Each structure stands twice: as C-alpha cells, then as structure tokens.
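**Q** So here's entry_36.txt (compact mmCIF, C-alpha atoms).
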```
# COMPACT_ATOMS: atom_id res chain seq x y z
CA MET A 1 20.28 54.48 -5.46
CA ILE A 2 20.12 50.67 -5.10
CA VAL A 3 20.22 48.51 -8.21
CA PHE A 4 20.17 44.71 -8.43
CA ASN A 5 20.87 43.68 -12.01
CA ASN A 6 20.41 40.02 -12.98
CA VAL A 7 21.65 38.89 -9.57
CA TYR A 8 22.19 35.23 -8.76
CA LYS A 9 23.46 34.05 -5.38
CA LYS A 10 24.60 30.50 -4.72
CA TYR A 11 26.27 29.66 -1.41
CA LYS A 12 29.22 27.29 -1.05
CA ASN A 13 26.96 24.64 0.46
CA GLY A 14 25.03 24.54 -2.81
CA THR A 15 22.02 26.57 -1.68
CA ASN A 16 20.60 28.78 -4.42
CA ALA A 17 19.23 31.87 -2.67
CA LEU A 18 18.48 34.32 -5.50
CA PHE A 19 17.71 33.79 -9.17
CA ASP A 20 18.08 36.50 -11.82
CA LEU A 21 16.85 39.16 -9.40
CA ASN A 22 16.29 42.68 -10.69
CA LEU A 23 15.38 45.49 -8.34
CA HIS A 24 15.64 49.29 -8.46
CA VAL A 25 15.15 51.43 -5.35
CA LYS A 26 15.17 55.21 -5.74
CA LYS A 27 16.71 57.58 -3.22
CA GLY A 28 14.19 58.49 -0.54
CA GLU A 29 11.91 55.50 -1.08
CA PHE A 30 10.41 53.46 1.76
CA ILE A 31 9.76 49.88 0.77
CA TYR A 32 8.82 46.62 2.42
CA VAL A 33 10.43 43.30 1.53
CA ILE A 34 8.28 40.33 2.45
CA GLY A 35 8.31 36.58 1.88
CA GLN A 36 8.31 33.26 3.66
CA THR A 37 11.36 31.82 5.40
CA GLY A 38 13.87 30.80 2.75
CA SER A 39 12.54 33.25 0.16
CA GLY A 40 15.83 35.16 -0.06
CA LYS A 41 15.15 38.15 2.21
CA SER A 42 18.25 37.68 4.38
CA THR A 43 20.46 37.24 1.33
CA LEU A 44 19.07 40.45 -0.14
CA ILE A 45 20.13 42.33 3.00
CA LYS A 46 23.56 40.70 3.09
CA LEU A 47 24.21 41.77 -0.48
CA MET A 48 23.25 45.37 0.26
CA ASP A 49 25.65 45.70 3.21
CA ALA A 50 28.46 43.72 1.52
CA GLU A 51 28.30 40.80 3.94
CA GLU A 52 27.94 38.68 0.81
CA LYS A 53 28.75 39.21 -2.85
CA PRO A 54 26.63 38.10 -5.79
CA THR A 55 27.62 34.92 -7.61
CA SER A 56 26.78 36.73 -10.84
CA GLY A 57 25.11 39.97 -11.80
CA SER A 58 25.72 43.24 -10.00
CA VAL A 59 24.53 45.01 -6.85
CA LYS A 60 25.10 48.75 -6.66
CA VAL A 61 24.41 50.89 -3.61
CA ASN A 62 24.80 54.62 -4.23
CA ASP A 63 26.82 53.79 -7.37
CA VAL A 64 29.20 51.53 -5.43
CA ASP A 65 29.48 48.05 -6.97
CA VAL A 66 29.24 45.83 -3.89
CA GLY A 67 30.70 42.82 -5.66
CA LYS A 68 33.90 44.72 -6.45
CA ILE A 69 34.60 46.24 -3.04
CA ARG A 70 37.96 45.10 -1.67
CA ARG A 71 37.71 43.44 1.74
CA GLY A 72 39.65 46.23 3.42
CA LYS A 73 37.19 48.83 2.11
CA ILE A 74 34.04 47.10 3.36
CA PRO A 75 34.06 48.79 6.82
CA TYR A 76 34.17 52.19 5.10
CA PHE A 77 31.29 51.23 2.82
CA ARG A 78 29.20 50.06 5.77
CA ARG A 79 29.45 53.47 7.39
CA HIS A 80 26.86 54.53 4.83
CA VAL A 81 24.51 51.58 5.29
CA GLY A 82 22.55 51.54 8.55
CA VAL A 83 21.15 48.19 9.71
CA VAL A 84 18.62 47.65 12.49
CA TYR A 85 17.89 44.15 13.84
CA GLN A 86 14.96 42.83 15.83
CA ASP A 87 17.24 41.87 18.74
CA PHE A 88 18.61 45.45 19.04
CA LYS A 89 22.31 44.49 19.53
CA LEU A 90 22.90 47.30 22.03
CA LEU A 91 26.01 47.44 24.23
CA PRO A 92 24.69 46.65 27.75
CA SER A 93 27.48 48.44 29.61
CA LYS A 94 26.96 51.73 27.77
CA THR A 95 24.24 54.33 28.26
CA VAL A 96 21.80 55.31 25.53
CA PHE A 97 23.97 58.32 24.68
CA GLU A 98 27.13 56.19 24.63
CA ASN A 99 25.53 53.50 22.44
CA VAL A 100 24.68 56.07 19.80
CA ALA A 101 27.97 57.93 20.17
CA PHE A 102 29.91 54.70 19.65
CA ALA A 103 28.77 54.55 16.02
CA LEU A 104 30.40 57.95 15.46
CA GLU A 105 33.51 57.32 17.51
CA VAL A 106 34.49 54.41 15.26
CA VAL A 107 34.52 56.78 12.26
CA ASN A 108 36.69 59.27 14.17
CA MET A 109 34.18 62.09 14.25
CA PRO A 110 35.35 64.95 16.52
CA SER A 111 33.90 64.82 20.03
CA LYS A 112 32.06 68.13 19.70
CA LEU A 113 30.29 66.97 16.55
CA ILE A 114 29.51 63.60 18.14
CA ARG A 115 27.72 65.25 21.04
CA LYS A 116 25.74 67.47 18.68
CA ARG A 117 24.68 64.63 16.38
CA VAL A 118 23.77 62.29 19.25
CA ARG A 119 21.51 64.96 20.72
CA GLU A 120 19.90 65.41 17.29
CA VAL A 121 19.11 61.75 16.73
CA LEU A 122 17.94 61.16 20.30
CA SER A 123 15.53 64.05 19.85
CA LEU A 124 14.39 62.58 16.53
CA VAL A 125 13.57 59.22 18.16
CA ASP A 126 12.04 60.89 21.25
CA LEU A 127 14.59 59.55 23.73
CA SER A 128 16.37 62.70 24.87
CA GLU A 129 15.23 62.13 28.44
CA LYS A 130 16.68 58.59 28.41
CA SER A 131 20.22 59.55 27.37
CA THR A 132 21.79 58.42 30.67
CA SER A 133 19.78 55.20 30.96
CA TYR A 134 21.19 51.75 30.25
CA PRO A 135 19.56 49.25 27.87
CA ASN A 136 18.23 47.07 30.71
CA GLN A 137 16.35 50.09 32.04
CA LEU A 138 14.40 50.53 28.79
CA SER A 139 11.33 48.89 27.32
CA GLY A 140 11.66 46.83 24.14
CA GLY A 141 10.27 49.68 22.07
CA GLN A 142 12.73 52.13 23.59
CA GLN A 143 15.65 49.77 22.96
CA GLN A 144 14.61 49.50 19.32
CA ARG A 145 14.52 53.31 19.11
CA VAL A 146 18.09 53.44 20.43
CA ALA A 147 19.15 50.89 17.81
CA ILE A 148 17.53 53.02 15.10
CA ALA A 149 19.19 56.19 16.44
CA ARG A 150 22.57 54.46 16.34
CA ALA A 151 21.95 53.21 12.79
CA ILE A 152 21.15 56.68 11.43
CA ALA A 153 23.75 58.61 13.45
CA ASN A 154 26.23 58.63 10.59
CA ARG A 155 23.59 59.76 8.06
CA PRO A 156 23.57 56.54 6.01
CA PHE A 157 22.48 56.39 2.37
CA VAL A 158 20.06 53.63 3.29
CA LEU A 159 18.55 52.25 6.49
CA ILE A 160 17.84 48.52 6.41
CA ALA A 161 15.41 47.38 9.09
CA ASP A 162 15.43 43.60 9.50
CA GLU A 163 12.20 42.58 11.25
CA PRO A 164 12.42 45.66 13.54
CA THR A 165 9.00 44.95 15.08
CA GLY A 166 9.47 41.21 15.49
CA ASN A 167 9.83 41.36 19.29
CA LEU A 168 7.32 44.15 19.91
CA ASP A 169 3.61 44.27 20.65
CA PRO A 170 1.26 45.77 18.02
CA GLU A 171 1.13 49.24 19.56
CA LYS A 172 4.92 49.52 19.87
CA SER A 173 5.24 48.14 16.34
CA LYS A 174 3.12 51.01 15.03
CA GLU A 175 5.34 53.49 16.87
CA ILE A 176 8.44 52.03 15.21
CA ILE A 177 6.89 52.24 11.73
CA GLU A 178 5.89 55.84 12.35
CA LEU A 179 9.42 56.58 13.52
CA LEU A 180 10.87 55.02 10.36
CA GLU A 181 8.47 57.13 8.31
CA LYS A 182 9.67 60.23 10.17
CA ILE A 183 13.32 59.37 9.47
CA ASN A 184 12.49 58.67 5.83
CA LYS A 185 10.96 62.14 5.45
CA GLU A 186 13.04 64.33 7.76
CA GLU A 187 16.45 62.76 7.10
CA ASN A 188 15.65 61.86 3.48
CA THR A 189 16.94 58.38 4.23
CA THR A 190 16.02 55.48 1.98
CA VAL A 191 14.34 52.82 4.14
CA ILE A 192 14.11 49.12 3.32
CA MET A 193 12.14 47.14 5.87
CA VAL A 194 12.05 43.34 5.92
CA THR A 195 8.96 42.14 7.73
CA HIS A 196 6.49 39.31 8.28
CA ASP A 197 3.95 41.67 9.82
CA GLU A 198 1.03 41.55 7.39
CA ALA A 199 -1.07 43.90 9.54
CA LEU A 200 1.54 46.66 9.47
CA VAL A 201 2.10 46.30 5.73
CA ASN A 202 -1.62 46.68 5.13
CA LEU A 203 -2.01 49.56 7.58
CA TYR A 204 1.00 51.62 6.45
CA LYS A 205 0.86 51.04 2.71
CA LYS A 206 4.07 51.46 0.75
CA ARG A 207 5.85 49.89 -2.19
CA THR A 208 6.11 46.19 -1.35
CA ILE A 209 8.54 43.66 -2.83
CA VAL A 210 7.40 40.05 -2.48
CA LEU A 211 10.07 37.32 -2.65
CA SER A 212 9.46 33.61 -3.13
CA GLU A 213 12.18 30.99 -3.54
CA GLY A 214 14.71 33.59 -4.62
CA HIS A 215 12.48 35.33 -7.15
CA VAL A 216 10.66 38.67 -7.05
CA VAL A 217 7.07 37.49 -7.58
CA ALA A 218 5.38 40.85 -6.99
CA ASP A 219 6.30 44.53 -6.86
CA LEU A 220 3.32 46.40 -5.47
CA ASN A 221 4.17 50.03 -6.17
CA ILE A 222 1.08 51.45 -4.50
CA GLY A 223 1.07 49.14 -1.49
CA GLY A 224 -1.59 46.70 -2.58
CA TYR A 225 -3.54 44.77 0.03
CA LEU A 226 -1.79 41.65 1.25
CA ASN A 227 -3.09 38.39 2.59
CA GLU A 228 -1.36 35.22 3.67
CA THR A 229 -1.09 33.96 0.08
CA ASN A 230 1.34 36.80 -0.63
CA PHE A 231 3.81 35.49 1.92
```
Show how you would write the structure in this file as structure tokens.
**A**
Amino acid sequence: MIVFNNVYKKYKNGTNALFDLNLHVKKGEFIYVIGQTGSGKSTLIKLMDAEEKPTSGSVKVNDVDVGKIRRGKIPYFRRHVGVVYQDFKLLPSKTVFENVAFALEVVNMPSKLIRKRVREVLSLVDLSEKSTSYPNQLSGGQQQRVAIARAIANRPFVLIADEPTGNLDPEKSKEIIELLEKINKEENTTVIMVTHDEALVNLYKKRTIVLSEGHVVADLNIGGYLNETNF
C-alpha cells in the first residue's frame, strides 16, 4: 500500500530531514507516527501526498511512485490521499454540507452522486443534523469531524491525520480517535495519524512508528507502552 524504500530527503536550504528511511504500511492498517519536533514527521506526510519528492530512494502509494509523478498529475493523485489538519481548514462561507460537497465538486462528480455521498459521510461522522450549519456555529470537535468527512468523501486510499486532536480537549480527542477507528474499519481506509498525544497512543494501542532526527528508531507493531523518552 505505502512503501518507503531507502528514502533520503534533503531540502534546498541544506536541511537533512530523512535518512535511509524504510517503511511498509499495509492496506487497512491504522498506525501512529510520533516523534519530537524536527524528527521528520512533516516531511513523511509531504512525501506521501506528493508535496515533496524524495532526494533519493522511492516512495510508493498504492503502487504510484510519488517521485515520478509529473507536476500536472499531482492534483489527480491527491484525490486519493485524504489529509486532515489540526486547524480544520474549513471554508467559512460554506455550510457543513457544502464543505464536504466541495471535495467532490472539484473532481466533477455528478450532483446526484455528490448529494448521496455527502449524506453518507455526514452520517458516518454523526453530523447529519448539522448539515446546514456554518463552521463558526460548530464546536472544535464538530469542525474536526467535518474536516474528516471532507477528507474521506472521495474514498481515498489513505487518510493522513496530522495532529487531528492538537486543538481539542481530552474527551473530544477520544471521540476523534474513535471516529478514525470507525472509518478505518467501515470504509477500509488506511489511516496514518501523526500525533504528540502520548495518552491517546497508550489508550488506543496500535502500530506505532517512532521517528528521531530523520530515522525510524522504533516500530512497535503491537502498540507498546510509550513514555516521554519515546518522543
């Protein structure tokens, strides 16, 4: 599904972000990626959604070699990679329904199918009753649910959640993890969650990739217990 093979990434400013990184993620997995600031987490995400290309080595997502995608094809590739951010990035002038529908309009899905799929994903994230609300009328947890609904609307191969609970209180954070678990199971969507939340990682145990200074320093396949020394 996702394969990093001997990946190095060096930016033009001279920063070395990843060193000989090897990583295999199977279809349908749910994994955490953790590490301190500067460990390479953001670069890992950028390589998976083709925002960056590896300096050497290869990154494949669903058998597509990210480093070889022509610039004009990147928007098409990204239709199959859902990304959720901690700051939601919702369109303030559009309703919940319209925010989710927008992700399907840009891929020219027929209107009838858009309405059907939006209703499906809003039901999945338990926001059907908020379809006509605007982002500023929602709580932070509800806004994050809208962002997740929008990210999965086009049935992506993989859902990348970049610190999705960073702006939420502990109870809302648990709700978001449980929602991601639900999507992982019911939509059979591969989920990769970048997080600093040690409590959540320990509570909802899953395969955990630990990065440090651009290296994978641990791959805890059974969700081993974490403490601050792991970060």
**Q** At what distance in Å, to one decimal, does atom CA of A:Pro92 lie from atom CA of A:Asn136?
**A** 7.1 Å
**Q** From the set A:Asn221, A:Ser139, A:Asn13, A:Ser56, which residue has the shortest atom-to-atom contact distance to A:Phe88, counting all atoms listed in the file?
**A**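 Closest to A:Phe88 of all the choices is A:Ser139.
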**Q** Can you measure atom CA of A:Gly141 to atom CA of A:Ser173 for me? One decimal in Å is fine.
**A**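 Result for atom CA of A:Gly141 versus atom CA of A:Ser173: 7.8 Å, one decimal.
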**Q** Have a look at A:Val125, A:Val61, A:Val100, A:Val194 and name the one nearest to A:Glu163; count only C-alpha atoms.
**A**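 Under the stated criterion, the closest residue is A:Val194.
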**Q** May I ask for the distance between atom CA of A:Lys60 and atom CA of A:Ile2, given in Å to one decimal place?
**A**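 A separation of 5.6 Å between them.
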**Q** From the set A:Leu44, A:Val59, A:Leu104, A:Val121, which residue has the shortest atom-to-atom contact distance to A:Lys182, counting all atoms listed in the file?
**A**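 Ranking A:Leu44, A:Val59, A:Leu104, A:Val121 by distance to A:Lys182, first place goes to A:Val121.
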**Q** Find the residues of stretch 44-139 of chain A that sit at most 9 Å from stretch 6-9 of chain A; for each, write down the nearest two atoms and how far apart they are in Å, to one decimal. Count all atoms listed in the file. Sort by chain, then by number going up, and give it as a tab-separated table.
**A**
```
residue	atom	partner	partner_atom	distance
A:Glu52	CA	A:Lys9	CA	8.9
A:Lys53	CA	A:Lys9	CA	7.8
A:Pro54	CA	A:Lys9	CA	5.2
A:Thr55	CA	A:Lys9	CA	4.8
A:Ser56	CA	A:Tyr8	CA	5.3
A:Gly57	CA	A:Val7	CA	4.3
A:Ser58	CA	A:Val7	CA	6.0
A:Val59	CA	A:Val7	CA	7.3
```
**Q** When distances are computed from all atoms listed in the file, which of A:Tyr76, A:Phe97, A:Tyr11, A:Tyr85 shows the smallest separation from A:Glu129?
**A**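 Closest residue, counting all atoms listed in the file: A:Phe97.
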**Q** Measuring between all atoms listed in the file, which one of A:Arg117, A:Arg145, A:Arg207, A:Arg71 shows the shortest distance to A:Glu175?
**A**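 Using all atoms listed in the file, the shortest distance to A:Glu175 belongs to A:Arg145.
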**Q** Smallest atom-to-atom distance to A:Asp126: which of A:Glu178, A:Glu98, A:Glu198, A:Asp162, using all atoms listed in the file?
**A**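 Closest residue, counting all atoms listed in the file: A:Glu178.
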**Q** Determine the axis-aligned bounding box of all atoms of stretch 77-94 of chain A present in the file, pad each side by 5 Å, and express its centre and edge lengths in Å to one decimal place as lines of an AutoDock Vina configuration file.
**A**
```
center_x = 23.1
center_y = 48.2
center_z = 16.2
size_x = 26.3
size_y = 22.7
size_z = 36.8
```
**Q** Can I get the residues of stretch 54-162 of chain A within 9 Å of stretch 24-30 of chain A, each with the closest pair of atoms and their distance in Å to one decimal, using all atoms listed in the file, sorted chain first then ascending number, as a tab-separated table?
**A**
```
residue	atom	partner	partner_atom	distance
A:Asn62	CA	A:Lys27	CA	8.7
A:Phe157	CA	A:Lys27	CA	8.1
A:Val158	CA	A:Lys27	CA	8.3
```
**Q** Taking 3 positions as the minimum chain separation for residues in the same chain, which residues sit within 8 Å of A:Val84 when counting all atoms listed in the file? Answer as an mmCIF file with C-alpha atoms, keeping the file's coordinate frame.
**A**
```cif
data_model
loop_
_atom_site.group_PDB
_atom_site.id
_atom_site.type_symbol
_atom_site.label_atom_id
_atom_site.label_comp_id
_atom_site.auth_asym_id
_atom_site.auth_seq_id
_atom_site.Cartn_x
_atom_site.Cartn_y
_atom_site.Cartn_z
ATOM 1 C CA PHE A 88 18.610 45.450 19.040
ATOM 2 C CA ALA A 147 19.150 50.890 17.810
ATOM 3 C CA ILE A 148 17.530 53.020 15.100
ATOM 4 C CA ALA A 151 21.950 53.210 12.790
ATOM 5 C CA LEU A 159 18.550 52.250 6.490
ATOM 6 C CA ILE A 160 17.840 48.520 6.410
ATOM 7 C CA ALA A 161 15.410 47.380 9.090
ATOM 8 C CA ASP A 162 15.430 43.600 9.500
ATOM 9 C CA PRO A 164 12.420 45.660 13.540
#
```
